[in-house]
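Structure file upload.cif (mmCIF, N, CA and C atoms) is printed below.
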```
data_coords
loop_
_atom_site.label_atom_id
_atom_site.label_comp_id
_atom_site.auth_asym_id
_atom_site.auth_seq_id
_atom_site.Cartn_x
_atom_site.Cartn_y
_atom_site.Cartn_z
N MET A 1 11.65 -8.55 7.91
CA MET A 1 11.38 -7.66 6.79
C MET A 1 12.70 -7.35 6.09
N PRO A 2 12.79 -7.55 4.78
CA PRO A 2 14.04 -7.29 4.07
C PRO A 2 14.33 -5.80 3.98
N ALA A 3 15.61 -5.50 3.86
CA ALA A 3 16.02 -4.09 3.70
C ALA A 3 15.50 -3.56 2.37
N PRO A 4 15.12 -2.28 2.32
CA PRO A 4 14.63 -1.73 1.06
C PRO A 4 15.72 -1.72 -0.01
N ALA A 5 15.29 -1.77 -1.26
CA ALA A 5 16.23 -1.80 -2.38
C ALA A 5 16.82 -0.43 -2.65
N TYR A 6 16.33 0.60 -2.03
CA TYR A 6 16.81 1.96 -2.27
C TYR A 6 17.45 2.50 -1.00
N ARG A 7 18.28 3.49 -1.17
CA ARG A 7 18.88 4.18 -0.03
C ARG A 7 18.97 5.65 -0.37
N TYR A 8 18.51 6.47 0.56
CA TYR A 8 18.68 7.90 0.38
C TYR A 8 20.11 8.26 0.75
N ARG A 9 20.59 9.34 0.21
CA ARG A 9 21.96 9.77 0.46
C ARG A 9 22.10 10.44 1.82
N PHE A 10 20.98 10.83 2.43
CA PHE A 10 21.00 11.43 3.77
C PHE A 10 20.36 10.44 4.73
N SER A 11 20.75 10.52 5.98
CA SER A 11 20.18 9.63 6.98
C SER A 11 18.72 10.01 7.25
N ALA A 12 17.97 9.05 7.78
CA ALA A 12 16.58 9.32 8.14
C ALA A 12 16.50 10.44 9.16
N ARG A 13 17.46 10.50 10.06
CA ARG A 13 17.47 11.56 11.08
C ARG A 13 17.67 12.93 10.45
N THR A 14 18.60 13.03 9.50
CA THR A 14 18.84 14.29 8.81
C THR A 14 17.60 14.75 8.06
N ILE A 15 16.97 13.83 7.35
CA ILE A 15 15.76 14.16 6.60
C ILE A 15 14.65 14.61 7.55
N ARG A 16 14.47 13.88 8.64
CA ARG A 16 13.44 14.22 9.62
C ARG A 16 13.69 15.60 10.24
N ASN A 17 14.95 15.90 10.59
CA ASN A 17 15.27 17.20 11.21
C ASN A 17 15.04 18.35 10.24
N TRP A 18 15.51 18.20 8.99
CA TRP A 18 15.27 19.25 8.00
C TRP A 18 13.78 19.45 7.74
N THR A 19 13.03 18.36 7.72
CA THR A 19 11.59 18.46 7.50
C THR A 19 10.94 19.27 8.62
N LYS A 20 11.32 19.02 9.85
CA LYS A 20 10.77 19.77 10.98
C LYS A 20 11.13 21.26 10.90
N VAL A 21 12.39 21.55 10.61
CA VAL A 21 12.84 22.94 10.54
C VAL A 21 12.12 23.69 9.42
N LEU A 22 12.05 23.09 8.25
CA LEU A 22 11.44 23.78 7.10
C LEU A 22 9.93 23.91 7.26
N THR A 23 9.29 22.91 7.84
CA THR A 23 7.85 23.00 8.09
C THR A 23 7.56 24.12 9.09
N ALA A 24 8.35 24.19 10.13
CA ALA A 24 8.17 25.26 11.11
C ALA A 24 8.40 26.63 10.47
N ALA A 25 9.41 26.74 9.62
CA ALA A 25 9.71 28.02 8.97
C ALA A 25 8.55 28.48 8.10
N VAL A 26 7.88 27.56 7.41
CA VAL A 26 6.76 27.93 6.53
C VAL A 26 5.62 28.55 7.35
N PHE A 27 5.48 28.15 8.59
CA PHE A 27 4.41 28.72 9.43
C PHE A 27 4.89 29.93 10.22
N ILE A 28 6.08 29.87 10.78
CA ILE A 28 6.53 30.92 11.70
C ILE A 28 6.93 32.21 10.98
N VAL A 29 7.70 32.10 9.90
CA VAL A 29 8.23 33.30 9.24
C VAL A 29 7.10 34.16 8.63
N PRO A 30 6.16 33.58 7.87
CA PRO A 30 5.07 34.43 7.36
C PRO A 30 4.20 35.02 8.47
N VAL A 31 3.98 34.28 9.55
CA VAL A 31 3.21 34.83 10.67
C VAL A 31 3.96 36.01 11.29
N ALA A 32 5.28 35.90 11.37
CA ALA A 32 6.08 37.03 11.87
C ALA A 32 5.89 38.24 10.96
N GLY A 33 5.83 38.00 9.64
CA GLY A 33 5.59 39.09 8.70
C GLY A 33 4.22 39.72 8.90
N LEU A 34 3.20 38.89 9.12
CA LEU A 34 1.85 39.41 9.38
C LEU A 34 1.81 40.22 10.67
N ILE A 35 2.45 39.71 11.71
CA ILE A 35 2.45 40.42 12.99
C ILE A 35 3.18 41.75 12.86
N TYR A 36 4.36 41.73 12.24
CA TYR A 36 5.11 42.97 12.07
C TYR A 36 4.33 43.95 11.19
N GLY A 37 3.76 43.44 10.11
CA GLY A 37 2.98 44.30 9.21
C GLY A 37 1.79 44.94 9.90
N SER A 38 1.18 44.22 10.83
CA SER A 38 0.02 44.77 11.54
C SER A 38 0.41 45.86 12.53
N THR A 39 1.68 45.95 12.89
CA THR A 39 2.11 46.99 13.83
C THR A 39 2.49 48.29 13.13
N LEU A 40 2.56 48.26 11.80
CA LEU A 40 2.98 49.45 11.06
C LEU A 40 1.82 50.44 10.94
N ASP A 41 2.16 51.72 10.82
CA ASP A 41 1.11 52.73 10.62
C ASP A 41 0.65 52.72 9.16
N SER A 42 -0.22 53.63 8.81
CA SER A 42 -0.83 53.62 7.47
C SER A 42 0.14 54.00 6.35
N SER A 43 1.24 54.64 6.68
CA SER A 43 2.23 54.98 5.64
C SER A 43 3.62 54.54 6.09
N PRO A 44 3.89 53.23 5.96
CA PRO A 44 5.20 52.73 6.41
C PRO A 44 6.32 53.14 5.47
N GLU A 45 7.52 53.06 5.96
CA GLU A 45 8.70 53.32 5.16
C GLU A 45 8.81 52.23 4.09
N PRO A 46 9.43 52.53 2.95
CA PRO A 46 9.59 51.50 1.91
C PRO A 46 10.33 50.25 2.39
N TRP A 47 11.34 50.42 3.25
CA TRP A 47 12.08 49.27 3.73
C TRP A 47 11.22 48.40 4.62
N GLN A 48 10.26 49.02 5.32
CA GLN A 48 9.36 48.23 6.17
C GLN A 48 8.41 47.39 5.32
N GLU A 49 7.90 47.98 4.25
CA GLU A 49 7.04 47.22 3.33
C GLU A 49 7.81 46.06 2.71
N LEU A 50 9.05 46.34 2.32
CA LEU A 50 9.89 45.30 1.73
C LEU A 50 10.17 44.18 2.72
N LEU A 51 10.39 44.53 3.97
CA LEU A 51 10.64 43.53 5.00
C LEU A 51 9.42 42.64 5.20
N VAL A 52 8.25 43.24 5.26
CA VAL A 52 7.01 42.45 5.42
C VAL A 52 6.82 41.52 4.23
N GLN A 53 6.99 42.03 3.01
CA GLN A 53 6.85 41.19 1.83
C GLN A 53 7.88 40.07 1.82
N GLY A 54 9.10 40.39 2.22
CA GLY A 54 10.15 39.37 2.28
C GLY A 54 9.82 38.27 3.26
N LEU A 55 9.28 38.64 4.42
CA LEU A 55 8.89 37.63 5.40
C LEU A 55 7.72 36.80 4.91
N LEU A 56 6.75 37.45 4.27
CA LEU A 56 5.57 36.72 3.79
C LEU A 56 5.92 35.76 2.66
N TYR A 57 6.56 36.28 1.63
CA TYR A 57 6.86 35.45 0.46
C TYR A 57 8.09 34.58 0.69
N GLY A 58 9.13 35.16 1.24
CA GLY A 58 10.35 34.41 1.49
C GLY A 58 10.16 33.29 2.49
N GLY A 59 9.23 33.48 3.42
CA GLY A 59 8.96 32.46 4.42
C GLY A 59 8.33 31.21 3.82
N ILE A 60 7.84 31.31 2.63
CA ILE A 60 7.29 30.14 1.93
C ILE A 60 8.24 29.68 0.84
N VAL A 61 8.74 30.62 0.04
CA VAL A 61 9.57 30.26 -1.12
C VAL A 61 10.92 29.69 -0.70
N VAL A 62 11.58 30.29 0.26
CA VAL A 62 12.92 29.83 0.65
C VAL A 62 12.88 28.42 1.24
N PRO A 63 11.97 28.11 2.19
CA PRO A 63 11.90 26.72 2.65
C PRO A 63 11.53 25.73 1.55
N LEU A 64 10.66 26.15 0.63
CA LEU A 64 10.30 25.27 -0.49
C LEU A 64 11.53 25.00 -1.36
N LEU A 65 12.30 26.02 -1.63
CA LEU A 65 13.51 25.85 -2.44
C LEU A 65 14.52 24.95 -1.72
N ILE A 66 14.74 25.18 -0.46
CA ILE A 66 15.68 24.34 0.30
C ILE A 66 15.20 22.89 0.32
N ALA A 67 13.90 22.68 0.54
CA ALA A 67 13.36 21.32 0.57
C ALA A 67 13.52 20.63 -0.79
N ALA A 68 13.26 21.34 -1.86
CA ALA A 68 13.38 20.74 -3.20
C ALA A 68 14.83 20.40 -3.52
N VAL A 69 15.75 21.29 -3.18
CA VAL A 69 17.17 21.04 -3.46
C VAL A 69 17.67 19.87 -2.60
N LEU A 70 17.36 19.88 -1.31
CA LEU A 70 17.80 18.79 -0.45
C LEU A 70 17.13 17.47 -0.84
N GLY A 71 15.86 17.54 -1.24
CA GLY A 71 15.16 16.33 -1.68
C GLY A 71 15.81 15.72 -2.90
N GLY A 72 16.17 16.56 -3.86
CA GLY A 72 16.86 16.07 -5.04
C GLY A 72 18.22 15.49 -4.70
N GLU A 73 18.95 16.16 -3.84
CA GLU A 73 20.28 15.67 -3.44
C GLU A 73 20.18 14.39 -2.62
N ALA A 74 19.09 14.21 -1.87
CA ALA A 74 18.92 12.99 -1.09
C ALA A 74 18.72 11.78 -1.99
N ILE A 75 18.19 12.01 -3.19
CA ILE A 75 17.92 10.92 -4.11
C ILE A 75 19.13 10.62 -4.99
N TRP A 76 19.77 11.68 -5.52
CA TRP A 76 20.81 11.48 -6.54
C TRP A 76 21.83 12.61 -6.45
N PRO A 77 23.12 12.32 -6.62
CA PRO A 77 24.11 13.41 -6.63
C PRO A 77 23.79 14.41 -7.75
N GLY A 78 23.73 15.66 -7.43
CA GLY A 78 23.38 16.69 -8.41
C GLY A 78 21.89 16.87 -8.58
N GLY A 79 21.08 16.09 -7.87
CA GLY A 79 19.63 16.18 -7.97
C GLY A 79 19.07 17.49 -7.45
N GLY A 80 19.87 18.24 -6.71
CA GLY A 80 19.42 19.53 -6.22
C GLY A 80 19.11 20.49 -7.35
N PHE A 81 19.82 20.33 -8.47
CA PHE A 81 19.53 21.16 -9.65
C PHE A 81 18.10 20.95 -10.11
N ILE A 82 17.64 19.72 -10.09
CA ILE A 82 16.27 19.42 -10.51
C ILE A 82 15.27 20.08 -9.56
N GLY A 83 15.56 20.04 -8.26
CA GLY A 83 14.70 20.71 -7.30
C GLY A 83 14.66 22.21 -7.51
N ALA A 84 15.82 22.80 -7.78
CA ALA A 84 15.88 24.24 -8.05
C ALA A 84 15.13 24.58 -9.32
N LEU A 85 15.25 23.75 -10.35
CA LEU A 85 14.53 23.96 -11.60
C LEU A 85 13.03 23.92 -11.37
N PHE A 86 12.57 22.97 -10.58
CA PHE A 86 11.15 22.83 -10.27
C PHE A 86 10.62 24.08 -9.57
N VAL A 87 11.30 24.52 -8.53
CA VAL A 87 10.84 25.70 -7.77
C VAL A 87 10.93 26.96 -8.62
N ALA A 88 11.99 27.09 -9.41
CA ALA A 88 12.10 28.25 -10.31
C ALA A 88 10.94 28.26 -11.30
N GLY A 89 10.56 27.08 -11.77
CA GLY A 89 9.40 26.99 -12.67
C GLY A 89 8.11 27.41 -11.98
N LEU A 90 7.92 26.97 -10.75
CA LEU A 90 6.71 27.38 -10.02
C LEU A 90 6.66 28.89 -9.82
N ILE A 91 7.79 29.45 -9.42
CA ILE A 91 7.84 30.89 -9.17
C ILE A 91 7.70 31.67 -10.48
N GLY A 92 8.48 31.28 -11.48
CA GLY A 92 8.42 31.97 -12.77
C GLY A 92 7.05 31.89 -13.41
N GLY A 93 6.46 30.70 -13.38
CA GLY A 93 5.12 30.54 -13.95
C GLY A 93 4.09 31.38 -13.22
N SER A 94 4.16 31.39 -11.89
CA SER A 94 3.23 32.19 -11.10
C SER A 94 3.38 33.68 -11.36
N LEU A 95 4.64 34.14 -11.39
CA LEU A 95 4.88 35.55 -11.67
C LEU A 95 4.44 35.92 -13.08
N GLY A 96 4.68 35.03 -14.03
CA GLY A 96 4.27 35.29 -15.41
C GLY A 96 2.77 35.40 -15.55
N VAL A 97 2.04 34.48 -14.93
CA VAL A 97 0.57 34.53 -14.99
C VAL A 97 0.06 35.75 -14.24
N GLY A 98 0.60 36.00 -13.05
CA GLY A 98 0.13 37.11 -12.22
C GLY A 98 0.39 38.48 -12.82
N ASN A 99 1.45 38.59 -13.61
CA ASN A 99 1.81 39.88 -14.20
C ASN A 99 1.54 39.97 -15.69
N GLY A 100 0.91 38.94 -16.23
CA GLY A 100 0.57 38.97 -17.65
C GLY A 100 1.77 38.88 -18.59
N ILE A 101 2.84 38.22 -18.14
CA ILE A 101 4.03 38.06 -18.97
C ILE A 101 3.99 36.64 -19.53
N GLN A 102 3.53 36.52 -20.74
CA GLN A 102 3.25 35.20 -21.32
C GLN A 102 4.50 34.33 -21.44
N TRP A 103 5.60 34.89 -21.89
CA TRP A 103 6.81 34.08 -22.06
C TRP A 103 7.30 33.53 -20.73
N LEU A 104 7.15 34.31 -19.65
CA LEU A 104 7.58 33.85 -18.33
C LEU A 104 6.65 32.75 -17.82
N ALA A 105 5.36 32.91 -18.06
CA ALA A 105 4.40 31.89 -17.65
C ALA A 105 4.69 30.56 -18.36
N ILE A 106 4.92 30.62 -19.66
CA ILE A 106 5.19 29.40 -20.42
C ILE A 106 6.52 28.78 -20.01
N THR A 107 7.55 29.60 -19.89
CA THR A 107 8.86 29.10 -19.48
C THR A 107 8.79 28.49 -18.09
N GLY A 108 8.09 29.14 -17.18
CA GLY A 108 7.92 28.60 -15.84
C GLY A 108 7.19 27.26 -15.84
N PHE A 109 6.14 27.18 -16.63
CA PHE A 109 5.39 25.92 -16.73
C PHE A 109 6.30 24.81 -17.26
N VAL A 110 7.06 25.10 -18.30
CA VAL A 110 7.96 24.10 -18.89
C VAL A 110 9.02 23.68 -17.87
N ALA A 111 9.58 24.64 -17.14
CA ALA A 111 10.60 24.32 -16.14
C ALA A 111 10.01 23.45 -15.02
N ALA A 112 8.81 23.76 -14.58
CA ALA A 112 8.17 22.96 -13.53
C ALA A 112 7.92 21.53 -14.01
N VAL A 113 7.44 21.39 -15.24
CA VAL A 113 7.20 20.05 -15.81
C VAL A 113 8.52 19.29 -15.95
N LEU A 114 9.58 19.96 -16.40
CA LEU A 114 10.89 19.32 -16.49
C LEU A 114 11.40 18.91 -15.11
N GLY A 115 11.13 19.74 -14.10
CA GLY A 115 11.52 19.39 -12.74
C GLY A 115 10.80 18.15 -12.23
N VAL A 116 9.50 18.06 -12.48
CA VAL A 116 8.74 16.88 -12.07
C VAL A 116 9.26 15.65 -12.81
N GLY A 117 9.48 15.79 -14.11
CA GLY A 117 10.03 14.68 -14.89
C GLY A 117 11.41 14.28 -14.41
N GLY A 118 12.21 15.27 -14.05
CA GLY A 118 13.56 15.00 -13.54
C GLY A 118 13.52 14.26 -12.22
N PHE A 119 12.61 14.68 -11.32
CA PHE A 119 12.45 13.97 -10.05
C PHE A 119 12.04 12.52 -10.29
N PHE A 120 11.11 12.32 -11.23
CA PHE A 120 10.69 10.96 -11.54
C PHE A 120 11.86 10.15 -12.08
N ALA A 121 12.63 10.73 -12.98
CA ALA A 121 13.75 10.01 -13.59
C ALA A 121 14.80 9.61 -12.56
N ILE A 122 15.21 10.53 -11.69
CA ILE A 122 16.23 10.17 -10.71
C ILE A 122 15.66 9.23 -9.65
N GLY A 123 14.39 9.39 -9.31
CA GLY A 123 13.76 8.47 -8.37
C GLY A 123 13.68 7.06 -8.93
N PHE A 124 13.32 6.97 -10.21
CA PHE A 124 13.25 5.67 -10.87
C PHE A 124 14.64 5.03 -10.93
N ALA A 125 15.64 5.82 -11.31
CA ALA A 125 17.01 5.31 -11.41
C ALA A 125 17.55 4.88 -10.05
N ALA A 126 17.17 5.58 -8.99
CA ALA A 126 17.64 5.25 -7.65
C ALA A 126 16.77 4.20 -6.97
N LYS A 127 15.75 3.71 -7.69
CA LYS A 127 14.83 2.70 -7.17
C LYS A 127 14.06 3.16 -5.93
N VAL A 128 13.68 4.42 -5.93
CA VAL A 128 12.86 4.96 -4.85
C VAL A 128 11.41 4.56 -5.11
N PRO A 129 10.72 3.99 -4.11
CA PRO A 129 9.33 3.62 -4.32
C PRO A 129 8.48 4.84 -4.66
N MET A 130 7.68 4.74 -5.72
CA MET A 130 6.83 5.86 -6.17
C MET A 130 5.47 5.31 -6.57
N TRP A 131 4.46 6.16 -6.43
CA TRP A 131 3.12 5.80 -6.86
C TRP A 131 2.34 7.07 -7.11
N ILE A 132 1.28 6.94 -7.87
CA ILE A 132 0.38 8.07 -8.12
C ILE A 132 -0.93 7.72 -7.47
N GLY A 133 -1.41 8.56 -6.58
CA GLY A 133 -2.63 8.27 -5.84
C GLY A 133 -2.31 7.54 -4.56
N SER A 134 -3.23 6.75 -4.08
CA SER A 134 -3.04 5.98 -2.86
C SER A 134 -2.04 4.85 -3.10
N ARG A 135 -1.21 4.62 -2.14
CA ARG A 135 -0.18 3.58 -2.28
C ARG A 135 -0.81 2.21 -2.51
N LYS A 136 -1.93 1.92 -1.86
CA LYS A 136 -2.53 0.59 -1.96
C LYS A 136 -3.42 0.42 -3.18
N THR A 137 -4.08 1.47 -3.61
CA THR A 137 -5.04 1.32 -4.71
C THR A 137 -4.52 1.86 -6.05
N SER A 138 -3.32 2.37 -6.05
CA SER A 138 -2.79 2.99 -7.27
C SER A 138 -2.48 1.95 -8.34
N ARG A 139 -2.83 2.26 -9.57
CA ARG A 139 -2.47 1.41 -10.69
C ARG A 139 -1.08 1.77 -11.22
N PHE A 140 -0.63 2.94 -10.89
CA PHE A 140 0.66 3.41 -11.38
C PHE A 140 1.67 3.36 -10.23
N ARG A 141 2.52 2.33 -10.23
CA ARG A 141 3.49 2.16 -9.16
C ARG A 141 4.84 1.77 -9.76
N TRP A 142 5.88 2.24 -9.10
CA TRP A 142 7.23 1.91 -9.53
C TRP A 142 8.08 1.60 -8.33
N ASN A 143 8.90 0.59 -8.43
CA ASN A 143 9.92 0.25 -7.45
C ASN A 143 9.38 -0.05 -6.06
N LEU A 144 8.11 -0.44 -5.95
CA LEU A 144 7.59 -0.79 -4.64
C LEU A 144 8.04 -2.20 -4.26
N PRO A 145 8.47 -2.40 -3.02
CA PRO A 145 8.85 -3.75 -2.61
C PRO A 145 7.60 -4.63 -2.57
N GLU A 146 7.76 -5.84 -2.99
CA GLU A 146 6.61 -6.78 -3.03
C GLU A 146 6.47 -7.48 -1.71
#
```
Target format structure tokens, applied to this file:
Amino acid sequence: MPAPAYRYRFSARTIRNWTKVLTAAVFIVPVAGLIYGSTLDSSPEPWQELLVQGLLYGGIVVPLLIAAVLGGEAIWPGGGFIGALFVAGLIGGSLGVGNGIQWLAITGFVAAVLGVGGFFAIGFAAKVPMWIGSRKTSRFRWNLPE
């Protein structure tokens, strides 16, 4: 089997280890927030509420941000900016929609779309195999080895 035409900037071991750590964090940290929150009485201190919210939301957002930044950097030098832009768009768009702030929702949507486009552009330039849908049945494929 010939060597692939693309190379990630991080080793397969590094990528695998970060994937395990971040996946575990997405499950463990919010569960810790739920467990801690369930131990509080009916009128917790403000710092306790903030801690629970930080564990619940941060336990998902922070690993997602780290994964997006490292994913971008694994593909292309400076690609972490694209990952950060994508996650900022997701967060900004969600906050804008959830709080009725139209400019934030639109800006977040645009940033997320630019992040997806940026990932596609650096992936295409780095010859990373990409497809939309199933790898075998997809009509839209780029850089797949024949």
Which centre and which edge lengths, in Å to one decimal, describe the axis-aligned box that holds all listed atoms of stretch 120-124 of chain A after 6 Å is added on each side, as JSON?
```
{"center_x": 13.5, "center_y": 8.7, "center_z": -11.0, "size_x": 17.5, "size_y": 19.3, "size_z": 17.2}
```
Please write as a PDB file with N, CA and C atoms, keeping the file's coordinate frame the full residue list that the PyMOL selection byres ((chain A and resi 122-127) around 7) yields on this file.
```
ATOM      1  N   ALA A   5      15.290  -1.770  -1.260  1.00  0.00           N
ATOM      2  CA  ALA A   5      16.230  -1.800  -2.380  1.00  0.00           C
ATOM      3  C   ALA A   5      16.820  -0.430  -2.650  1.00  0.00           C
ATOM      4  N   TYR A   6      16.330   0.600  -2.030  1.00  0.00           N
ATOM      5  CA  TYR A   6      16.810   1.960  -2.270  1.00  0.00           C
ATOM      6  C   TYR A   6      17.450   2.500  -1.000  1.00  0.00           C
ATOM      7  N   ARG A   7      18.280   3.490  -1.170  1.00  0.00           N
ATOM      8  CA  ARG A   7      18.880   4.180  -0.030  1.00  0.00           C
ATOM      9  C   ARG A   7      18.970   5.650  -0.370  1.00  0.00           C
ATOM     10  N   ILE A  75      18.190  12.010  -3.190  1.00  0.00           N
ATOM     11  CA  ILE A  75      17.920  10.920  -4.110  1.00  0.00           C
ATOM     12  C   ILE A  75      19.130  10.620  -4.990  1.00  0.00           C
ATOM     13  N   TRP A  76      19.770  11.680  -5.520  1.00  0.00           N
ATOM     14  CA  TRP A  76      20.810  11.480  -6.540  1.00  0.00           C
ATOM     15  C   TRP A  76      21.830  12.610  -6.450  1.00  0.00           C
ATOM     16  N   GLY A 117       9.480  15.790 -14.110  1.00  0.00           N
ATOM     17  CA  GLY A 117      10.030  14.680 -14.890  1.00  0.00           C
ATOM     18  C   GLY A 117      11.410  14.280 -14.410  1.00  0.00           C
ATOM     19  N   GLY A 118      12.210  15.270 -14.050  1.00  0.00           N
ATOM     20  CA  GLY A 118      13.560  15.000 -13.540  1.00  0.00           C
ATOM     21  C   GLY A 118      13.520  14.260 -12.220  1.00  0.00           C
ATOM     22  N   PHE A 119      12.610  14.680 -11.320  1.00  0.00           N
ATOM     23  CA  PHE A 119      12.450  13.970 -10.050  1.00  0.00           C
ATOM     24  C   PHE A 119      12.040  12.520 -10.290  1.00  0.00           C
ATOM     25  N   PHE A 120      11.110  12.320 -11.230  1.00  0.00           N
ATOM     26  CA  PHE A 120      10.690  10.960 -11.540  1.00  0.00           C
ATOM     27  C   PHE A 120      11.860  10.150 -12.080  1.00  0.00           C
ATOM     28  N   ALA A 121      12.630  10.730 -12.980  1.00  0.00           N
ATOM     29  CA  ALA A 121      13.750  10.010 -13.590  1.00  0.00           C
ATOM     30  C   ALA A 121      14.800   9.610 -12.560  1.00  0.00           C
ATOM     31  N   VAL A 128      13.680   4.420  -5.930  1.00  0.00           N
ATOM     32  CA  VAL A 128      12.860   4.960  -4.850  1.00  0.00           C
ATOM     33  C   VAL A 128      11.410   4.560  -5.110  1.00  0.00           C
ATOM     34  N   PRO A 129      10.720   3.990  -4.110  1.00  0.00           N
ATOM     35  CA  PRO A 129       9.330   3.620  -4.320  1.00  0.00           C
ATOM     36  C   PRO A 129       8.480   4.840  -4.660  1.00  0.00           C
ATOM     37  N   MET A 130       7.680   4.740  -5.720  1.00  0.00           N
ATOM     38  CA  MET A 130       6.830   5.860  -6.170  1.00  0.00           C
ATOM     39  C   MET A 130       5.470   5.310  -6.570  1.00  0.00           C
ATOM     40  N   TRP A 142       5.880   2.240  -9.100  1.00  0.00           N
ATOM     41  CA  TRP A 142       7.230   1.910  -9.530  1.00  0.00           C
ATOM     42  C   TRP A 142       8.080   1.600  -8.330  1.00  0.00           C
ATOM     43  N   ASN A 143       8.900   0.590  -8.430  1.00  0.00           N
ATOM     44  CA  ASN A 143       9.920   0.250  -7.450  1.00  0.00           C
ATOM     45  C   ASN A 143       9.380  -0.050  -6.060  1.00  0.00           C
ATOM     46  N   LEU A 144       8.110  -0.440  -5.950  1.00  0.00           N
ATOM     47  CA  LEU A 144       7.590  -0.790  -4.640  1.00  0.00           C
ATOM     48  C   LEU A 144       8.040  -2.200  -4.260  1.00  0.00           C
TER      49      LEU A 144
END
```
Would you list the contacts of stretch 52-64 of chain A as a PDB file with N, CA and C atoms, in the coordinates of the input, taking every protein, DNA or RNA residue within 5 Å and counting all atoms listed in the file, but skipping same-chain residues closer than 2 positions in sequence?
```pdb
ATOM      1  N   VAL A  26       7.880  27.560   7.410  1.00  0.00           N
ATOM      2  CA  VAL A  26       6.760  27.930   6.530  1.00  0.00           C
ATOM      3  C   VAL A  26       5.620  28.550   7.350  1.00  0.00           C
ATOM      4  N   VAL A  29       7.700  32.100   9.900  1.00  0.00           N
ATOM      5  CA  VAL A  29       8.230  33.300   9.240  1.00  0.00           C
ATOM      6  C   VAL A  29       7.100  34.160   8.630  1.00  0.00           C
ATOM      7  N   PRO A  30       6.160  33.580   7.870  1.00  0.00           N
ATOM      8  CA  PRO A  30       5.070  34.430   7.360  1.00  0.00           C
ATOM      9  C   PRO A  30       4.200  35.020   8.470  1.00  0.00           C
ATOM     10  N   GLY A  33       5.830  38.000   9.640  1.00  0.00           N
ATOM     11  CA  GLY A  33       5.590  39.090   8.700  1.00  0.00           C
ATOM     12  C   GLY A  33       4.220  39.720   8.900  1.00  0.00           C
ATOM     13  N   GLN A  48      10.260  49.020   5.320  1.00  0.00           N
ATOM     14  CA  GLN A  48       9.360  48.230   6.170  1.00  0.00           C
ATOM     15  C   GLN A  48       8.410  47.390   5.320  1.00  0.00           C
ATOM     16  N   GLU A  49       7.900  47.980   4.250  1.00  0.00           N
ATOM     17  CA  GLU A  49       7.040  47.220   3.330  1.00  0.00           C
ATOM     18  C   GLU A  49       7.810  46.060   2.710  1.00  0.00           C
ATOM     19  N   LEU A  50       9.050  46.340   2.320  1.00  0.00           N
ATOM     20  CA  LEU A  50       9.890  45.300   1.730  1.00  0.00           C
ATOM     21  C   LEU A  50      10.170  44.180   2.720  1.00  0.00           C
ATOM     22  N   ILE A  66      14.740  25.180  -0.460  1.00  0.00           N
ATOM     23  CA  ILE A  66      15.680  24.340   0.300  1.00  0.00           C
ATOM     24  C   ILE A  66      15.200  22.890   0.320  1.00  0.00           C
ATOM     25  N   ALA A  67      13.900  22.680   0.540  1.00  0.00           N
ATOM     26  CA  ALA A  67      13.360  21.320   0.570  1.00  0.00           C
ATOM     27  C   ALA A  67      13.520  20.630  -0.790  1.00  0.00           C
ATOM     28  N   ALA A  68      13.260  21.340  -1.860  1.00  0.00           N
ATOM     29  CA  ALA A  68      13.380  20.740  -3.200  1.00  0.00           C
ATOM     30  C   ALA A  68      14.830  20.400  -3.520  1.00  0.00           C
TER      31      ALA A  68
END
```
> Which distance in Å separates atom CA of A:Pro77 and atom CA of A:Ala25, to one decimal?
Replying inline: 25.8 Å
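In this comparison, which uses only C-alpha atoms, the residue of A:Ile15, A:Ile132, A:Leu51, A:Leu65 approaching A:Ala32 most closely is A:Leu51.
When DSSP reads the backbone of this structure, the residues of stretch 16-45 of chain A it assigns to alpha helix (DSSP H) are A:Arg16, A:Asn17, A:Trp18, A:Thr19, A:Lys20, A:Val21, A:Leu22, A:Thr23, A:Ala24, A:Ala25, A:Val26, A:Phe27, A:Ile28, A:Val29, A:Pro30, A:Val31, A:Ala32, A:Gly33, A:Leu34, A:Ile35, A:Tyr36, A:Gly37, A:Ser38, A:Thr39.
Atom to atom, atom C of A:Ala105 and atom CA of A:Gly92 stand 6.9 Å apart.
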>> Could you list, as number ranges by chain, every residue within 7 Å of A:Val69, counting only N, CA and C atoms and ignoring same-chain residues fewer than 2 positions away?
In response: A: 64-67, 71-74, 79-84
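As for atom N of A:Ser38 and atom N of A:Ala24, they are spaced 21.3 Å apart.
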> Per DSSP on the backbone, what are the strand (DSSP E) residues of chain A, as a PyMOL selection string?
Replying inline: chain A and resi 130-131+141-142
C-alpha atoms of stretch 79-99 of chain A from block above, as a JSON list (two decimals), in the first residue's frame:
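Resulting contents of decode-v8.json:
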```json
[["chain", "number", "residue", "atom", "x", "y", "z"],
["A", 79, "GLY", "CA", -4.83, 26.61, 11.09],
["A", 80, "GLY", "CA", -5.71, 26.88, 14.76],
["A", 81, "PHE", "CA", -7.09, 30.34, 14.01],
["A", 82, "ILE", "CA", -9.65, 28.74, 11.70],
["A", 83, "GLY", "CA", -10.65, 26.31, 14.44],
["A", 84, "ALA", "CA", -11.02, 29.15, 16.94],
["A", 85, "LEU", "CA", -13.09, 31.12, 14.42],
["A", 86, "PHE", "CA", -15.37, 28.14, 13.88],
["A", 87, "VAL", "CA", -15.98, 27.56, 17.61],
["A", 88, "ALA", "CA", -16.41, 31.29, 18.27],
["A", 89, "GLY", "CA", -19.03, 31.30, 15.52],
["A", 90, "LEU", "CA", -20.87, 28.37, 17.06],
["A", 91, "ILE", "CA", -20.86, 29.97, 20.50],
["A", 92, "GLY", "CA", -21.67, 33.48, 19.27],
["A", 93, "GLY", "CA", -24.46, 32.26, 17.01],
["A", 94, "SER", "CA", -25.97, 30.15, 19.78],
["A", 95, "LEU", "CA", -25.80, 32.96, 22.30],
["A", 96, "GLY", "CA", -27.26, 35.40, 19.78],
["A", 97, "VAL", "CA", -30.21, 33.15, 18.96],
["A", 98, "GLY", "CA", -30.76, 32.18, 22.60],
["A", 99, "ASN", "CA", -30.75, 35.76, 23.83]]
```
